[in-house]
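S.K.: Data file entry.cif (mmCIF, C-alpha atoms) is appended below.
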```
data_coords
loop_
_atom_site.group_PDB
_atom_site.id
_atom_site.type_symbol
_atom_site.label_atom_id
_atom_site.label_comp_id
_atom_site.auth_asym_id
_atom_site.auth_seq_id
_atom_site.Cartn_x
_atom_site.Cartn_y
_atom_site.Cartn_z
ATOM 1 C CA GLN C 1 15.992 22.010 -3.077
ATOM 2 C CA VAL C 2 15.975 18.402 -4.176
ATOM 3 C CA GLN C 3 13.606 17.340 -6.941
ATOM 4 C CA LEU C 4 11.502 14.204 -6.527
ATOM 5 C CA VAL C 5 9.793 12.284 -9.317
ATOM 6 C CA GLU C 6 7.356 9.476 -8.588
ATOM 7 C CA SER C 7 6.149 6.718 -10.873
ATOM 8 C CA GLY C 8 4.314 3.422 -10.656
ATOM 9 C CA GLY C 9 0.789 4.348 -9.705
ATOM 10 C CA GLY C 10 -2.214 2.859 -11.441
ATOM 11 C CA LEU C 11 -5.466 0.958 -11.213
ATOM 12 C CA VAL C 12 -5.483 -2.403 -9.457
ATOM 13 C CA GLN C 13 -8.027 -4.813 -8.086
ATOM 14 C CA ALA C 14 -8.233 -5.338 -4.336
ATOM 15 C CA GLY C 15 -5.718 -7.928 -3.226
ATOM 16 C CA GLY C 16 -3.294 -6.943 -5.952
ATOM 17 C CA SER C 17 0.078 -5.251 -5.821
ATOM 18 C CA LEU C 18 1.783 -2.129 -7.084
ATOM 19 C CA ARG C 19 5.284 -0.757 -6.706
ATOM 20 C CA LEU C 20 5.928 2.956 -6.532
ATOM 21 C CA SER C 21 9.306 4.500 -7.272
ATOM 22 C CA CYS C 22 10.721 7.892 -6.425
ATOM 23 C CA VAL C 23 13.907 9.239 -7.950
ATOM 24 C CA ALA C 24 15.627 12.095 -6.160
ATOM 25 C CA SER C 25 17.980 14.613 -7.766
ATOM 26 C CA GLY C 26 20.452 14.151 -4.928
ATOM 27 C CA SER C 27 21.217 12.110 -1.834
ATOM 28 C CA ILE C 28 18.826 12.589 1.078
ATOM 29 C CA SER C 29 18.827 11.451 4.681
ATOM 30 C CA LEU C 30 15.138 10.809 5.294
ATOM 31 C CA MET C 31 12.575 9.910 2.644
ATOM 32 C CA GLY C 32 8.999 8.829 2.877
ATOM 33 C CA TRP C 33 5.602 8.409 1.279
ATOM 34 C CA TYR C 34 2.471 10.367 2.112
ATOM 35 C CA ARG C 35 -0.950 9.685 0.690
ATOM 36 C CA GLN C 36 -3.988 11.871 0.239
ATOM 37 C CA ALA C 37 -7.340 10.140 -0.039
ATOM 38 C CA PRO C 38 -10.470 12.035 -1.112
ATOM 39 C CA GLY C 39 -12.084 13.685 1.870
ATOM 40 C CA LYS C 40 -9.375 12.537 4.283
ATOM 41 C CA GLN C 41 -6.345 14.089 5.904
ATOM 42 C CA ARG C 42 -2.973 13.527 4.393
ATOM 43 C CA GLU C 43 -1.333 10.486 5.992
ATOM 44 C CA LEU C 44 2.319 9.524 6.364
ATOM 45 C CA VAL C 45 2.412 5.957 5.053
ATOM 46 C CA ALA C 46 6.051 5.036 5.574
ATOM 47 C CA ARG C 47 9.495 6.561 5.923
ATOM 48 C CA ILE C 48 13.061 5.345 5.665
ATOM 49 C CA LEU C 49 16.417 6.700 6.763
ATOM 50 C CA SER C 50 19.510 6.437 4.608
ATOM 51 C CA GLY C 51 20.754 3.668 6.888
ATOM 52 C CA GLY C 52 17.636 1.615 6.230
ATOM 53 C CA VAL C 53 15.635 2.174 9.421
ATOM 54 C CA THR C 54 11.941 2.150 8.538
ATOM 55 C CA ASP C 55 8.658 3.195 10.072
ATOM 56 C CA TYR C 56 5.096 2.458 8.904
ATOM 57 C CA ALA C 57 1.592 3.657 9.534
ATOM 58 C CA HIS C 58 -0.452 1.069 11.395
ATOM 59 C CA SER C 59 -2.875 0.847 8.480
ATOM 60 C CA VAL C 60 -0.223 -0.488 6.093
ATOM 61 C CA LYS C 61 2.106 -2.421 8.370
ATOM 62 C CA GLY C 62 2.623 -5.954 7.099
ATOM 63 C CA ARG C 63 1.341 -5.091 3.617
ATOM 64 C CA PHE C 64 3.654 -2.312 2.404
ATOM 65 C CA THR C 65 7.423 -2.369 2.251
ATOM 66 C CA ILE C 66 9.549 0.733 1.873
ATOM 67 C CA SER C 67 13.102 0.461 0.604
ATOM 68 C CA ARG C 68 15.768 2.564 -1.039
ATOM 69 C CA ASP C 69 18.810 2.287 -3.246
ATOM 70 C CA ASN C 70 21.149 5.030 -2.090
ATOM 71 C CA ALA C 71 23.480 4.528 -5.050
ATOM 72 C CA LYS C 72 20.588 5.412 -7.365
ATOM 73 C CA ASN C 73 18.957 8.018 -5.079
ATOM 74 C CA THR C 74 15.776 6.008 -5.476
ATOM 75 C CA MET C 75 13.127 4.965 -3.016
ATOM 76 C CA TYR C 76 10.447 2.334 -3.491
ATOM 77 C CA LEU C 77 7.136 1.406 -1.939
ATOM 78 C CA GLN C 78 6.023 -2.159 -2.557
ATOM 79 C CA MET C 79 2.301 -2.347 -1.870
ATOM 80 C CA ASP C 80 0.763 -5.800 -1.497
ATOM 81 C CA SER C 81 -2.694 -6.988 -0.470
ATOM 82 C CA LEU C 82 -4.090 -3.653 -1.559
ATOM 83 C CA LYS C 83 -7.456 -2.520 -0.264
ATOM 84 C CA PRO C 84 -9.909 0.047 -1.636
ATOM 85 C CA GLU C 85 -9.053 2.284 1.322
ATOM 86 C CA ASP C 86 -5.483 2.491 0.011
ATOM 87 C CA THR C 87 -6.796 4.588 -2.866
ATOM 88 C CA GLY C 88 -5.313 8.061 -3.069
ATOM 89 C CA VAL C 89 -2.537 10.211 -4.422
ATOM 90 C CA TYR C 90 0.834 9.078 -3.152
ATOM 91 C CA TYR C 91 3.561 11.666 -2.682
ATOM 92 C CA CYS C 92 7.262 11.106 -2.307
ATOM 93 C CA VAL C 93 8.754 13.365 0.366
ATOM 94 C CA SER C 94 12.193 14.063 1.699
ATOM 95 C CA THR C 95 14.228 16.085 4.156
ATOM 96 C CA PRO C 96 17.999 16.368 4.592
ATOM 97 C CA ASP C 97 17.513 16.595 8.364
ATOM 98 C CA PRO C 98 15.551 13.767 10.038
ATOM 99 C CA ALA C 99 14.622 16.160 12.826
ATOM 100 C CA ALA C 100 13.037 18.624 10.394
ATOM 101 C CA PRO C 101 9.709 18.453 8.564
ATOM 102 C CA PHE C 102 9.595 17.073 5.035
ATOM 103 C CA GLY C 103 10.428 20.043 2.824
ATOM 104 C CA SER C 104 10.480 18.486 -0.628
ATOM 105 C CA TRP C 105 7.459 16.905 -2.283
ATOM 106 C CA GLY C 106 6.990 15.100 -5.573
ATOM 107 C CA GLN C 107 4.101 15.766 -7.916
ATOM 108 C CA GLY C 108 2.175 12.696 -6.716
ATOM 109 C CA THR C 109 1.028 9.512 -8.386
ATOM 110 C CA GLN C 110 -2.527 8.186 -8.327
ATOM 111 C CA VAL C 111 -3.261 4.755 -6.884
ATOM 112 C CA THR C 112 -6.778 3.422 -7.319
ATOM 113 C CA VAL C 113 -7.852 0.110 -5.806
ATOM 114 C CA TYR C 114 -11.241 -1.266 -6.832
ATOM 115 C CA SER C 115 -13.189 -4.089 -5.257
#
```
In structure tokens, how does this file's structure come out?
M.R.:
Amino acid sequence: QVQLVESGGGLVQAGGSLRLSCVASGSISLMGWYRQAPGKQRELVARILSGGVTDYAHSVKGRFTISRDNAKNTMYLQMDSLKPEDTGVYYCVSTPDPAAPFGSWGQGTQVTVYS
């Protein structure tokens, strides 16, 4: 099973930006970011195929940008115009089969947005 390591979380004022990174131990077809906010269901924020096709949750569309560097087995999430409701633990996820559920999860990185 592939190992995923996230970094880049932190504390930021509303309107600010953060960039998350996720390094995978091998090449993966589909990668994505989930987030878990206190008291809320886990939410798929964005996902990206190895060819670059992307998909976003409605709540982040236009503010977040997912990208990847396949040569480095690394995925990024650029988060701009952050809002307090973006606060949560962000998890890097992956699956070798885009038709299958995400089977690998990182340890998570905390993002806190204050107003």
S.K.: Starting from the point (10.3, 9.8, -12.7), work out which residues of protein, DNA or RNA have an atom no more than 10 Å away when counting all atoms listed in the file; state them as an MDAnalysis selection string.
M.R.: chainID C and resid 4:8 21:24 74 106:107
S.K.: May I have the selected residues written with C-alpha atoms, as a PDB file, in the frame of the given file?
M.R.:
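Written file, out07.pdb:
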```pdb
ATOM      1  CA  LEU C   4      11.502  14.204  -6.527  1.00  0.00           C
ATOM      2  CA  VAL C   5       9.793  12.284  -9.317  1.00  0.00           C
ATOM      3  CA  GLU C   6       7.356   9.476  -8.588  1.00  0.00           C
ATOM      4  CA  SER C   7       6.149   6.718 -10.873  1.00  0.00           C
ATOM      5  CA  GLY C   8       4.314   3.422 -10.656  1.00  0.00           C
ATOM      6  CA  SER C  21       9.306   4.500  -7.272  1.00  0.00           C
ATOM      7  CA  CYS C  22      10.721   7.892  -6.425  1.00  0.00           C
ATOM      8  CA  VAL C  23      13.907   9.239  -7.950  1.00  0.00           C
ATOM      9  CA  ALA C  24      15.627  12.095  -6.160  1.00  0.00           C
ATOM     10  CA  THR C  74      15.776   6.008  -5.476  1.00  0.00           C
ATOM     11  CA  GLY C 106       6.990  15.100  -5.573  1.00  0.00           C
ATOM     12  CA  GLN C 107       4.101  15.766  -7.916  1.00  0.00           C
TER      13      GLN C 107
END
```
S.K.: For Leu18 (chain C), which of C:Tyr56, C:Tyr91, C:Tyr34, C:Tyr76 is the closest residue, counting only C-alpha atoms?
M.R.: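 When distances to Leu18 (chain C) are compared using only C-alpha atoms, the smallest one comes from C:Tyr76.
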S.K.: Evaluated on this file, the PyMOL selection byres ((chain C and resi 86) around 8) picks out some residues - which ones are they, written as a PDB file with C-alpha atoms, in the frame of the given file?
M.R.:
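The resulting part20.pdb:
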```pdb
ATOM      1  CA  ALA C  37      -7.340  10.140  -0.039  1.00  0.00           C
ATOM      2  CA  LEU C  82      -4.090  -3.653  -1.559  1.00  0.00           C
ATOM      3  CA  LYS C  83      -7.456  -2.520  -0.264  1.00  0.00           C
ATOM      4  CA  PRO C  84      -9.909   0.047  -1.636  1.00  0.00           C
ATOM      5  CA  GLU C  85      -9.053   2.284   1.322  1.00  0.00           C
ATOM      6  CA  THR C  87      -6.796   4.588  -2.866  1.00  0.00           C
ATOM      7  CA  GLY C  88      -5.313   8.061  -3.069  1.00  0.00           C
ATOM      8  CA  VAL C 111      -3.261   4.755  -6.884  1.00  0.00           C
ATOM      9  CA  THR C 112      -6.778   3.422  -7.319  1.00  0.00           C
ATOM     10  CA  VAL C 113      -7.852   0.110  -5.806  1.00  0.00           C
TER      11      VAL C 113
END
```
S.K.: Excluding Gln1 (chain C) and any residue of its chain fewer than 5 positions from it, enumerate the residues within 12 Å of it, using all atoms listed in the file, and give them as number ranges by chain.
M.R.: C: 24-28, 93-96, 102-106
S.K.: For Leu77 (chain C), work out the shell of residues within 9 Å, counting only C-alpha atoms and skipping chain neighbours fewer than 6 positions away, then give it as JSON, numbers by chain.
M.R.: {"C": [18, 19, 20, 21, 22, 33, 46, 64, 65, 66, 67, 68]}
S.K.: What's the separation between CA of Thr109 (chain C) and CA of Gly52 (chain C), in Å to one decimal place?
M.R.: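 Interatomic distance here is 23.5 Å.
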S.K.: Would you compute the distance between CA of Gly51 (chain C) and CA of Cys92 (chain C)? Give it in Å to one decimal.
M.R.: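 Calculated distance between CA of Gly51 (chain C) and CA of Cys92 (chain C) is 17.9 Å.
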S.K.: Skip Asp97 (chain C) itself and residues of its chain fewer than 2 positions away, then list as an MDAnalysis selection string all residues within 7 Å of it, counting all atoms listed in the file.
M.R.: chainID C and resid 29:30 95 99:100
S.K.: C:Met31, C:His58, C:Val89, C:Gln41: which is nearest Asn70 (chain C), counting all atoms listed in the file?
M.R.: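 Checking each of C:Met31, C:His58, C:Val89, C:Gln41 against Asn70 (chain C), counting all atoms listed in the file, the winner is C:Met31.
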S.K.: Name the closest residue to Pro98 (chain C) among the candidates C:Gln3, C:Gln36, C:Ser17, C:Ser50; distances are taken between atoms, counting all atoms listed in the file.
M.R.: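 Using all atoms listed in the file, Pro98 (chain C) sits closest to C:Ser50.
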S.K.: So which one's closest to Met75 (chain C), C:Lys40, C:Gly32, C:Val45, C:Ser59? Using all atoms listed in the file, please.
M.R.: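 Smallest distance to Met75 (chain C) is found for C:Gly32.
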S.K.: Using only C-alpha atoms, which of C:Gly9, C:Tyr90, C:Ala71, C:Ser115 sits nearest Arg42 (chain C)?
M.R.: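 Residue with the minimum atom-to-atom distance to Arg42 (chain C): C:Tyr90.
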S.K.: Go ahead and compute the interatomic distance for CA of Ser81 (chain C) and CA of Ala14 (chain C), in Å to one decimal.
M.R.: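 Going from CA of Ser81 (chain C) over to CA of Ala14 (chain C), I get 7.0 Å.
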S.K.: Between C:Asp69, C:Gln110, C:Pro38, C:Glu43, which one has atoms that come closest to Ala57 (chain C), using only C-alpha atoms?
M.R.: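 Comparing C:Asp69, C:Gln110, C:Pro38, C:Glu43 against Ala57 (chain C), the winner is C:Glu43.
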